[in-house]
Structure formats: C-alpha cells, structure tokens
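Heads up, final_19.txt below (compact mmCIF, C-alpha atoms):
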# COMPACT_ATOMS: atom_id res chain seq x y z
CA MET I 1 -27.85 27.24 -18.96
CA SER I 2 -26.09 24.93 -21.45
CA ALA I 3 -25.63 21.39 -20.19
CA ALA I 4 -22.10 21.18 -21.64
CA PRO I 5 -20.29 22.55 -18.53
CA TRP I 6 -22.30 20.16 -16.37
CA GLU I 7 -21.30 17.25 -18.56
CA ARG I 8 -17.64 18.19 -18.15
CA GLU I 9 -18.12 18.40 -14.37
CA ALA I 10 -19.81 15.01 -14.35
CA ARG I 11 -16.96 13.41 -16.27
CA ALA I 12 -14.45 15.05 -13.92
CA ALA I 13 -16.34 13.60 -10.95
CA LEU I 14 -16.13 10.15 -12.53
CA ASP I 15 -12.34 10.54 -12.76
CA ALA I 16 -12.31 9.79 -9.02
CA VAL I 17 -14.10 6.45 -9.45
CA LEU I 18 -11.60 3.58 -9.66
CA ASP I 19 -11.87 0.04 -10.88
CA PRO I 20 -11.11 -1.70 -7.56
CA GLU I 21 -9.06 -4.48 -9.13
CA LEU I 22 -7.14 -2.43 -11.71
CA ASP I 23 -6.69 0.70 -9.55
CA GLU I 24 -7.37 3.03 -12.49
CA PRO I 25 -10.13 5.59 -13.09
CA ILE I 26 -13.08 4.19 -15.00
CA THR I 27 -12.81 7.20 -17.30
CA ASP I 28 -9.24 6.29 -18.29
CA LEU I 29 -10.25 2.66 -18.83
CA GLY I 30 -13.07 3.65 -21.19
CA PHE I 31 -15.79 2.20 -18.96
CA VAL I 32 -17.94 5.35 -19.23
CA ARG I 33 -20.12 4.80 -22.27
CA SER I 34 -22.09 8.05 -22.18
CA VAL I 35 -22.96 11.04 -20.02
CA THR I 36 -26.24 12.83 -20.67
CA VAL I 37 -27.32 16.00 -18.84
CA THR I 38 -30.56 17.91 -19.33
CA ALA I 39 -30.96 21.64 -18.84
CA ASP I 40 -32.75 21.10 -15.53
CA GLY I 41 -29.95 19.00 -14.03
CA ALA I 42 -31.14 15.44 -14.68
CA LEU I 43 -28.04 13.29 -15.20
CA THR I 44 -27.81 9.83 -16.77
CA VAL I 45 -24.57 7.87 -17.06
CA ARG I 46 -24.18 4.55 -18.84
CA LEU I 47 -21.27 2.24 -18.00
CA ARG I 48 -19.81 -0.69 -19.96
CA LEU I 49 -17.32 -3.38 -18.95
CA PRO I 50 -14.87 -5.59 -20.86
CA THR I 51 -17.06 -8.71 -20.62
CA SER I 52 -20.61 -9.62 -19.65
CA PHE I 53 -19.26 -11.78 -16.84
CA CYS I 54 -17.03 -9.29 -15.03
CA SER I 55 -17.29 -9.91 -11.28
CA PRO I 56 -20.72 -8.62 -10.14
CA ASN I 57 -19.31 -7.19 -6.91
CA PHE I 58 -16.70 -5.17 -8.83
CA ALA I 59 -19.36 -4.03 -11.28
CA TYR I 60 -21.68 -2.95 -8.48
CA LEU I 61 -18.87 -1.17 -6.65
CA MET I 62 -17.98 0.94 -9.69
CA ALA I 63 -21.60 1.71 -10.51
CA SER I 64 -22.41 2.60 -6.90
CA ASP I 65 -19.30 4.77 -6.53
CA SER I 66 -20.24 6.52 -9.78
CA LYS I 67 -23.69 7.34 -8.48
CA ASP I 68 -22.25 8.64 -5.19
CA ALA I 69 -19.74 10.85 -7.03
CA LEU I 70 -22.41 12.29 -9.32
CA THR I 71 -25.02 12.79 -6.61
CA ALA I 72 -22.49 14.97 -4.74
CA LEU I 73 -22.58 17.52 -7.59
CA ALA I 74 -24.52 20.55 -6.32
CA TRP I 75 -26.52 21.00 -9.52
CA ALA I 76 -27.44 17.33 -10.04
CA ARG I 77 -31.20 17.20 -9.53
CA HIS I 78 -31.66 13.53 -10.42
CA VAL I 79 -28.93 10.93 -11.05
CA VAL I 80 -29.34 7.64 -12.90
CA VAL I 81 -26.42 5.24 -13.40
CA LEU I 82 -26.99 2.28 -15.71
CA LEU I 83 -24.71 -0.68 -16.33
CA ASP I 84 -25.06 -2.03 -19.88
CA ASP I 85 -24.56 -5.54 -21.27
CA HIS I 86 -23.66 -7.35 -18.03
CA HIS I 87 -25.31 -10.58 -16.95
CA ASP I 88 -26.43 -8.83 -13.75
CA SER I 89 -27.29 -5.48 -15.35
CA ASP I 90 -30.98 -5.64 -14.52
CA LEU I 91 -30.32 -6.60 -10.90
CA ILE I 92 -27.64 -3.95 -10.38
CA ASN I 93 -29.62 -1.22 -12.12
CA ARG I 94 -32.70 -1.93 -10.00
CA GLY I 95 -30.63 -1.87 -6.84
CA LEU I 96 -29.02 1.44 -7.77
CA ALA I 97 -32.38 3.00 -8.65
CA ALA I 98 -33.81 1.94 -5.29
CA ASP I 99 -30.66 2.91 -3.34
CA ALA I 100 -30.86 -0.62 -1.94
CA GLY I 101 -27.17 -0.96 -1.15
CA TYR I 102 -24.97 -3.95 -1.91
CA ARG I 103 -26.69 -6.46 0.36
CA GLY I 104 -30.12 -5.13 -0.54
CA THR I 105 -29.29 -5.61 -4.20
CA PHE I 106 -27.75 -9.09 -4.09
CA GLY I 107 -29.36 -10.51 -0.95
CA ASP I 108 -27.92 -13.90 0.04
CA GLU I 109 -25.51 -13.74 -2.90
CA ALA I 110 -23.60 -10.91 -1.22
CA GLU I 111 -20.88 -13.12 0.18
CA LYS I 112 -18.67 -10.39 1.53
CA ASP I 113 -19.33 -6.92 2.87
CA LEU I 114 -18.61 -4.30 0.24
CA GLU I 115 -16.34 -2.28 2.52
CA ALA I 116 -14.29 -5.39 3.30
CA LEU I 117 -13.89 -5.95 -0.44
CA ARG I 118 -12.91 -2.31 -0.95
CA LEU I 119 -10.29 -2.59 1.81
CA THR I 120 -8.75 -5.68 0.24
CA PHE I 121 -8.18 -3.91 -3.05
CA ARG I 122 -7.02 -0.68 -1.45
CA ARG I 123 -4.32 -2.70 0.29
CA LYS I 124 -3.28 -4.29 -3.00
CA ALA I 125 -3.22 -0.87 -4.67
CA HIS I 126 -1.01 0.47 -1.86
CA THR I 127 1.39 -2.46 -2.20
CA ALA I 128 1.71 -1.91 -5.96
CA ALA I 129 2.14 1.87 -5.56
CA MET I 130 4.84 1.30 -2.93
CA GLU I 131 6.75 -1.04 -5.25
CA ARG I 132 6.51 1.39 -8.19
CA VAL I 133 7.99 4.29 -6.29
CA LEU I 134 10.71 2.22 -4.61
CA ALA I 135 11.74 0.79 -7.98
CA LEU I 136 12.10 4.40 -9.13
CA VAL I 137 14.21 5.22 -6.07
CA LEU I 138 16.54 2.29 -6.85
CA ARG I 139 16.88 3.34 -10.51
CA GLU I 140 17.73 6.92 -9.56
CA ASN I 141 20.17 5.80 -6.84
CA PRO I 142 22.16 2.85 -8.22
CA ASP I 143 24.36 2.69 -5.11
CA LEU I 144 21.39 1.84 -2.90
CA THR I 145 20.70 -1.78 -2.00
CA GLU I 146 17.21 -3.16 -1.40
CA GLU I 147 17.98 -3.31 2.32
CA ASP I 148 18.76 0.43 2.23
CA LEU I 149 15.11 1.08 1.37
CA HIS I 150 14.41 0.42 5.05
CA ASP I 151 15.54 3.99 5.75
CA VAL I 152 13.71 5.76 2.90
CA VAL I 153 11.00 8.14 4.14
CA LEU I 154 8.18 9.85 2.29
CA GLY I 155 9.97 13.20 2.35
CA GLY I 156 12.86 11.65 0.43
CA LEU I 157 10.82 10.37 -2.50
CA PRO I 158 11.36 11.85 -5.98
CA ASP I 159 9.03 14.51 -7.30
CA ALA I 160 7.12 12.12 -9.54
CA ALA I 161 3.58 10.98 -10.24
CA ALA I 162 4.35 7.64 -8.58
CA SER I 163 5.08 9.44 -5.29
CA GLY I 164 1.79 11.30 -5.36
CA ALA I 165 -0.06 8.08 -6.17
CA LEU I 166 1.51 6.37 -3.16
CA LEU I 167 0.48 9.21 -0.85
CA ARG I 168 -3.11 8.93 -2.08
CA ARG I 169 -3.14 5.18 -1.52
CA ARG I 170 -1.76 5.63 1.99
CA ALA I 171 -4.34 8.29 2.82
CA ALA I 172 -7.14 6.00 1.60
CA LEU I 173 -5.95 3.37 4.09
CA GLY I 174 -5.48 5.82 6.94
CA LEU I 175 -1.69 5.36 6.91
CA GLY I 176 0.69 8.16 7.81
CA VAL I 177 1.66 10.66 5.12
CA ALA I 178 4.13 12.78 7.10
CA PRO I 179 7.53 13.41 5.43
CA SER I 180 9.25 11.46 8.21
CA ASP I 181 7.09 8.34 7.78
CA PRO I 182 8.86 5.28 6.30
CA VAL I 183 7.88 4.27 2.79
CA LEU I 184 8.21 0.49 3.06
CA VAL I 185 5.48 -0.56 5.49
CA ASP I 186 2.85 -3.26 5.90
CA GLU I 187 -0.90 -2.74 5.63
CA ASP I 188 -0.99 -1.36 9.18
CA GLY I 189 1.83 1.12 8.62
CA ARG I 190 4.52 -0.89 10.41
CA ARG I 191 8.03 -0.70 9.02
CA TYR I 192 9.38 -4.01 7.74
CA PRO I 193 12.60 -5.34 9.34
CA ARG I 194 15.63 -4.74 7.15
CA GLY I 195 16.27 -8.43 6.61
CA GLU I 196 12.74 -9.01 5.23
CA ILE I 197 12.91 -6.29 2.61
CA PRO I 198 14.08 -8.34 -0.44
CA LEU I 199 11.27 -10.86 0.15
CA ARG I 200 8.67 -8.13 0.71
CA LEU I 201 9.75 -6.35 -2.46
CA ARG I 202 9.41 -9.52 -4.52
CA PHE I 203 5.88 -9.98 -3.20
CA ALA I 204 5.03 -6.33 -3.90
CA ARG I 205 6.45 -6.65 -7.41
CA ALA I 206 4.25 -9.69 -8.05
CA VAL I 207 1.17 -7.73 -6.92
CA ARG I 208 2.07 -4.78 -9.15
CA VAL I 209 2.75 -6.97 -12.20
CA SER I 210 -0.59 -8.72 -11.67
CA ILE I 211 -2.49 -5.43 -11.49
CA ASP I 212 -0.69 -3.99 -14.53
CA GLY I 213 -1.21 -7.17 -16.53
CA ASN I 214 -4.92 -7.30 -15.71
CA ALA I 215 -5.32 -3.64 -16.65
CA HIS I 216 -3.68 -4.19 -20.03
CA PHE I 217 -5.80 -7.30 -20.67
CA CYS I 218 -9.08 -5.62 -19.69
CA ARG I 219 -8.38 -2.60 -21.88
CA GLY I 220 -7.85 -4.91 -24.84
CA LEU I 221 -11.02 -6.88 -24.09
CA LEU I 222 -13.04 -3.66 -23.94
CA ARG I 223 -11.71 -2.53 -27.32
CA THR I 224 -12.56 -5.93 -28.78
CA ARG I 225 -16.08 -5.84 -27.39
CA TYR I 226 -16.67 -2.16 -28.15
CA PRO I 227 -14.26 -1.01 -30.91
CA GLN I 228 -15.36 2.60 -30.46
CA SER I 229 -14.15 2.55 -26.85
CA ALA I 230 -10.52 2.93 -27.96
CA ALA I 231 -11.09 6.67 -28.35
CA ASP I 232 -12.27 6.89 -24.74
CA GLN I 233 -9.26 5.17 -23.19
CA SER I 234 -6.36 7.22 -21.83
CA PRO I 235 -2.86 5.80 -22.39
CA ARG I 236 -1.31 4.16 -19.34
CA ALA I 237 1.95 5.59 -18.01
CA GLY I 238 3.80 2.35 -18.77
CA ASP I 239 2.46 2.27 -22.31
CA LEU I 240 3.67 5.82 -22.93
CA VAL I 241 7.15 4.87 -21.78
CA LYS I 242 7.19 1.89 -24.19
CA GLU I 243 6.04 4.08 -27.08
CA ASN I 244 8.77 6.64 -26.39
CA VAL I 245 11.44 3.94 -26.19
CA SER I 246 10.33 2.36 -29.45

Have the structure of the file written as structure tokens, please.
Amino acid sequence: MSAAPWEREARAALDAVLDPELDEPITDLGFVRSVTVTADGALTVRLRLPTSFCSPNFAYLMASDSKDALTALAWARHVVVLLDDHHDSDLINRGLAADAGYRGTFGDEAEKDLEALRLTFRRKAHTAAMERVLALVLRENPDLTEEDLHDVVLGGLPDAAASGALLRRRAALGLGVAPSDPVLVDEDGRRYPRGEIPLRLRFARAVRVSIDGNAHFCRGLLRTRYPQSAADQSPRAGDLVKENVS
C-alpha cells in the first residue's frame, strides 16, 4: 500500500493537537516540520518551534500530545516524534522515546503537574472563546447591552465557527453544552451576576487579545527562523478578515 494516504491521516490526526498557550492546531501554526511514513506503518514526525527557548513544558506537551494522537492510528506500527532545534530537544526526545512521561522526563525540574498546566490553558482558551462569540452576539444585535448577555444561552448563539469553538472548549472542561445552558459562565460553569458582566467581559477581552497577540507574534518568529514554514501556516480567521477589508 502507498504511504501517501497514511501521511494524510497522520497530518489530520495532528490537526487535533493544540499549542496550549495559543489555542491553535500545531498544523495551522506550521510547527509540523515533516511527516514520514514507511510502507510497513513506521511513522516519524519532526516538530519545530518559533525559538530554541520556547517553554519546555509547552514543548513537551505538544510533542507528547502528537505522539498520543499518532499512536491511536490503527495502522501505525511504530511512532517516533522528534522535536528539532530546542534547547531541551535531546531531553524531550529521550523522554518521548522511553514513554517516560512528563515527570520522568524532567525529574525535579517538573515544577507543575502536566494536567494542571493543561487545565490552566484550557480555562484561558474557554475565556477567550466565550468573549469572541459574545462580541459577535453584540455586533449582530446592536440593541443588546453587555448586561443583557446574562440571559444569552448556547441555543441562541449564531451559526458561526466561533460558536462551535466555544462548545468544544466547554466540552474539554466538562462544562454544560445543552442549548439551555448560559453562555457567560466562570470556569466552573456558574453564571455571572448581571452586575459583574461588564467587568468580566473586559477581563475576557484582555485574555483573548493576549492569546491572539501571542499567536501572531509566534507565527512571525517561526517564519523568521524557518522561512520555508510560511507555506505550512494556515491563515488565522482574524487575518482573513483584515485581508478582505483591505
């Protein structure tokens, strides 16, 4: 069998792996340097990052999630994930090869449990996704005030990519996704009091702007470090809007 269909499947599997800080697929960001599949199902993926000093725990998380996603492919006989050009590449690559886990890889340097780190960034991603979709609701309904968002439920959201993204972020946190569930909630799914909504929205907007700004910066750094990576990056939704306006 040709390895080409397997390579496409492998890249599709990597679409589900997110940069924890930027909340974007590593495939869209251009972090996947190469995918190599042999006819007998041996799979090797090489990853690259914007700088050699990207946070080691983020780097490990993406590399580990990549290996998990690829190992789940039914045909994958042997999976190797390698991180290139990072100051901890050798350490991370050895840990991945040995399936040593985060603490087994970094030992005493593993300051925080990996799942705790993942939860922190899932909560930030949820906050940003919530702000994006509520900003859309306000644009489409100019008569609504920020306080009126207290009554907006998931079933009343527009049919837009931002709504689907919010539902995925809620599901990842174990929050309710029923049509009757309120949109504007805290990290535990509790609805904010009406009087707190303007302040909560300003905070959520700051989180979203930070994530978007970091994503734009990291994409540029990657293209500077690896000029050929530009062809591997998918345009961001916000960038497409700017291009259409201009």

Item to complete: Give the answer as one residue: which of I:Thr51, I:Ser64, I:Ser180, I:Ser89 has the shortest atom-to-atom distance to I:Gly220, using all atoms listed in the file?
Response: I:Thr51

At a cut-off of 10 Å around the point (-20.1, -7.7, -7.8) (file coordinates), what residues fall inside when counting only C-alpha atoms? I'd like the answer as a PDB file with C-alpha atoms, keeping the file's coordinate frame.
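Result file follows (result.pdb):
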ATOM      1  CA  PHE I  53     -19.260 -11.780 -16.840  1.00  0.00           C
ATOM      2  CA  CYS I  54     -17.030  -9.290 -15.030  1.00  0.00           C
ATOM      3  CA  SER I  55     -17.290  -9.910 -11.280  1.00  0.00           C
ATOM      4  CA  PRO I  56     -20.720  -8.620 -10.140  1.00  0.00           C
ATOM      5  CA  ASN I  57     -19.310  -7.190  -6.910  1.00  0.00           C
ATOM      6  CA  PHE I  58     -16.700  -5.170  -8.830  1.00  0.00           C
ATOM      7  CA  ALA I  59     -19.360  -4.030 -11.280  1.00  0.00           C
ATOM      8  CA  TYR I  60     -21.680  -2.950  -8.480  1.00  0.00           C
ATOM      9  CA  LEU I  61     -18.870  -1.170  -6.650  1.00  0.00           C
ATOM     10  CA  MET I  62     -17.980   0.940  -9.690  1.00  0.00           C
ATOM     11  CA  ALA I  63     -21.600   1.710 -10.510  1.00  0.00           C
ATOM     12  CA  ASP I  88     -26.430  -8.830 -13.750  1.00  0.00           C
ATOM     13  CA  ILE I  92     -27.640  -3.950 -10.380  1.00  0.00           C
ATOM     14  CA  TYR I 102     -24.970  -3.950  -1.910  1.00  0.00           C
ATOM     15  CA  PHE I 106     -27.750  -9.090  -4.090  1.00  0.00           C
ATOM     16  CA  GLU I 109     -25.510 -13.740  -2.900  1.00  0.00           C
ATOM     17  CA  ALA I 110     -23.600 -10.910  -1.220  1.00  0.00           C
ATOM     18  CA  GLU I 111     -20.880 -13.120   0.180  1.00  0.00           C
ATOM     19  CA  LYS I 112     -18.670 -10.390   1.530  1.00  0.00           C
ATOM     20  CA  LEU I 114     -18.610  -4.300   0.240  1.00  0.00           C
ATOM     21  CA  LEU I 117     -13.890  -5.950  -0.440  1.00  0.00           C
TER      22      LEU I 117
END

Worksheet item: Which one of I:Ala42, I:Val81, I:Leu167, I:Leu47 sits closest to I:Arg94 if you count all atoms listed in the file?
Response: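 Of the candidates, the smallest distance to I:Arg94 is held by I:Val81.
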
Excluding I:Gly164 and its own-chain neighbours fewer than 5 positions away, which residues fall within 12 Å of it when counting all atoms listed in the file? Please give them as a short mmCIF file (atom, residue, chain, number, x, y, z; two decimals) with C-alpha atoms, in the frame of the given file.
data_model
loop_
_atom_site.label_atom_id
_atom_site.label_comp_id
_atom_site.auth_asym_id
_atom_site.auth_seq_id
_atom_site.Cartn_x
_atom_site.Cartn_y
_atom_site.Cartn_z
CA HIS I 126 -1.01 0.47 -1.86
CA ALA I 129 2.14 1.87 -5.56
CA MET I 130 4.84 1.30 -2.93
CA ARG I 132 6.51 1.39 -8.19
CA VAL I 133 7.99 4.29 -6.29
CA LEU I 154 8.18 9.85 2.29
CA GLY I 155 9.97 13.20 2.35
CA LEU I 157 10.82 10.37 -2.50
CA PRO I 158 11.36 11.85 -5.98
CA ASP I 159 9.03 14.51 -7.30
CA ARG I 169 -3.14 5.18 -1.52
CA ARG I 170 -1.76 5.63 1.99
CA ALA I 171 -4.34 8.29 2.82
CA VAL I 177 1.66 10.66 5.12
#

Provide an axis-aligned box for all listed atoms of stretch 210-225 of chain I, padding each side by 8 Å; report its centre and its edge lengths in Å to one decimal, as AutoDock Vina command-line options.
--center_x -8.3 --center_y -5.6 --center_z -20.1 --size_x 31.5 --size_y 22.2 --size_z 33.3

Worksheet item: With distances taken over only C-alpha atoms, which of I:His216, I:His78, I:Arg118, I:His86 is nearest to I:Asp28?
Response: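 When distances to I:Asp28 are compared using only C-alpha atoms, the smallest one comes from I:His216.
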
Worksheet item: Which residues come within 7 Å of I:Asp15, counting only C-alpha atoms, excluding same-chain residues fewer than 4 positions away, as a PyMOL selection string?
Response: chain I and resi 11+25-27

Can I get the selected residues back with C-alpha atoms, as a compact mmCIF listing (two decimals), keeping the file's coordinate frame?
# COMPACT_ATOMS: atom_id res chain seq x y z
CA ARG I 11 -16.96 13.41 -16.27
CA PRO I 25 -10.13 5.59 -13.09
CA ILE I 26 -13.08 4.19 -15.00
CA THR I 27 -12.81 7.20 -17.30

Worksheet item: atom CA of I:Ala231 and atom CA of I:Leu14, how far apart in Å?
Response: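 Atom CA of I:Ala231 lies at a distance of 17.0 Å from atom CA of I:Leu14.
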
Practice prompt. Go through I:Val153, I:Glu147, I:Ala69, I:Ser34 one by one, measure the shortest atom-to-atom distance of each to I:Ala12 using all atoms listed in the file, and give the residue with the smallest value.
Written response: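 Answer, going by the shortest atom-to-atom distance: I:Ala69.
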